[in-house]
Amino acid sequence: MRADSKEVAALWHTGSALHEAELGFPALAKKEADAALALSHGRDVEILAGLALARSGHGAEAMKLVQQLEKTETLNTILQVYWLPTMRGAIEVSDGHPAKAIAALEATSPYELGGPLPLGILYPVYVRGLAYLDQGDGARAAVEFQKMIDHVGIVQNFVIGSLSRLGLARALALQAGAAEGDEAAQLRQKALAAYQEFLTIWKDADPDVPALVAAKKEEARLRGASAP
């Protein structure tokens, strides 16, 4: 801001907004996204602010940005096949429409490992995994989250990288709930291992982070169900 680089400052705000959204602080995410848009309405700022708004439950505002980008960036291939579908998918997940989210994300499949800037980091894969979780389809959700774990070079150190391990734990727990006998027991153990891996990575995290609080409760509940 001191250097009058408003676009850069706005992009830092969007990064913060996405972190807050994924960690479970929607009000802070909204505040950061609004701060970004107050500084700039550049394409990249609108993309990331819109995604943060979608991930924090402000789908209507995110959709306005989607529609605006559709009008102004008609020849931008990356936007049309990667970012706009990802934003739409995130909006549908936020609105409780996982099937629509999965349909919206189909266009990203050939390109999702490309990691386009800004902040590609497999976001469509992550959103698709969340949609499958919401559908109760643990097997397909696990595929998406495992894809993120297997491509850490693309995800880098962004927060959805570690959260994908929590997503995998939840996907395995879903599968365990639908299975019977030895298969169910094996899946529960795999889910517990995935939860433990996530909790180990986050052992020094702030204890009041909603994503962490939820993970600890889920792990304890699953461990209780697995006890003889």
# chains A, B, ... in the order shown; residues from 1 in each chain; ligands from 1
>>> residues_around(residues="Gly136 of chain A", least_positions_apart="3", cutoff="12 Å", atoms="only C-alpha atoms", output="list of chain:residue names")
A:Pro98, A:Ala99, A:Gly129, A:Leu130, A:Ala131, A:Tyr132, A:Leu133, A:Ala139, A:Arg140, A:Ala141, A:Ala142, A:Arg170, A:Ala171, A:Leu172, A:Ala173, A:Leu174, A:Gln175, A:Ala176, A:Gly177, A:Ala178
>>> residues_around(residues="segment 199-214 of chain A", least_positions_apart="4", cutoff="9 Å", atoms="only C-alpha atoms", output="PyMOL selection string")
chain A and resi 22-25+162-163+166+194-195+218-219
>>> write_last_selection(atoms="C-alpha atoms", output="mmCIF file, in the first residue's frame")
data_model
loop_
_atom_site.group_PDB
_atom_site.id
_atom_site.type_symbol
_atom_site.label_atom_id
_atom_site.label_comp_id
_atom_site.auth_asym_id
_atom_site.auth_seq_id
_atom_site.Cartn_x
_atom_site.Cartn_y
_atom_site.Cartn_z
ATOM 1 C CA GLU A 22 -11.116 -22.781 4.618
ATOM 2 C CA LEU A 23 -10.242 -22.713 8.315
ATOM 3 C CA GLY A 24 -13.828 -21.938 9.255
ATOM 4 C CA PHE A 25 -13.881 -18.185 9.919
ATOM 5 C CA SER A 162 -3.307 -30.257 4.911
ATOM 6 C CA LEU A 163 -7.100 -30.004 4.886
ATOM 7 C CA LEU A 166 -8.877 -34.221 6.886
ATOM 8 C CA ALA A 194 -5.763 -40.272 8.380
ATOM 9 C CA TYR A 195 -7.263 -38.244 11.224
ATOM 10 C CA GLU A 218 -14.841 -36.561 14.680
ATOM 11 C CA GLU A 219 -11.703 -38.557 15.497
#
>>> closest_atom_pairs(of="segment 3-74 of chain A", to="segment 144-161 of chain A", cutoff="12 Å", atoms="only C-alpha atoms", output="tab-separated table")
residue	atom	partner	partner_atom	distance
A:Gly15	CA	A:Phe158	CA	9.4
A:Ser16	CA	A:Val159	CA	10.6
A:Ala17	CA	A:Val159	CA	11.7
A:Leu18	CA	A:Val159	CA	8.8
A:His19	CA	A:Val159	CA	6.5
A:Glu20	CA	A:Val159	CA	9.6
A:Ala21	CA	A:Val159	CA	10.3
A:Glu22	CA	A:Ile160	CA	7.2
A:Leu23	CA	A:Val159	CA	8.0
A:Gly24	CA	A:Val159	CA	11.6
A:Arg55	CA	A:Ile160	CA	11.9
>>> atom_distance(atom1="atom CA of Tyr126 of chain A", atom2="atom CA of Val45 of chain A")
20.2 Å
>>> residues_around(residues="segment 84-96 of chain A", least_positions_apart="6", cutoff="6 Å", atoms="only C-alpha atoms", output="JSON, numbers by chain")
{"A": [51, 54, 57, 59, 104, 105, 124, 131]}
>>> closest_residue(among="A:Glu197, A:Ala36, A:Leu192, A:Ala103", to="Arg223 of chain A", atoms="only C-alpha atoms")
A:Leu192
>>> residues_around(residues="Ala49 of chain A", least_positions_apart="6", cutoff="12 Å", atoms="only C-alpha atoms", output="VMD selection string")
chain A and resid 10 to 21 29 to 43 55 to 56 58 to 59 61 to 66 83 87 118 to 119
>>> residues_around(residues="Tyr111 of chain A", least_positions_apart="5", cutoff="12 Å", atoms="only C-alpha atoms", output="list in words")
Thr77, Ile78, Leu79, Gln80, Val81, Tyr82, Trp83, Pro85, Thr86, Leu105, Glu106, Pro116, Gly120, Ile121, Leu122, Tyr123, Pro124 and Val125 of chain A
>>> atom_distance(atom1="atom CA of Asp44 of chain A", atom2="atom CA of Lys6 of chain A")
12.5 Å
>>> atom_distance(atom1="atom CA of Ala169 of chain A", atom2="atom CA of Gln189 of chain A")
10.0 Å
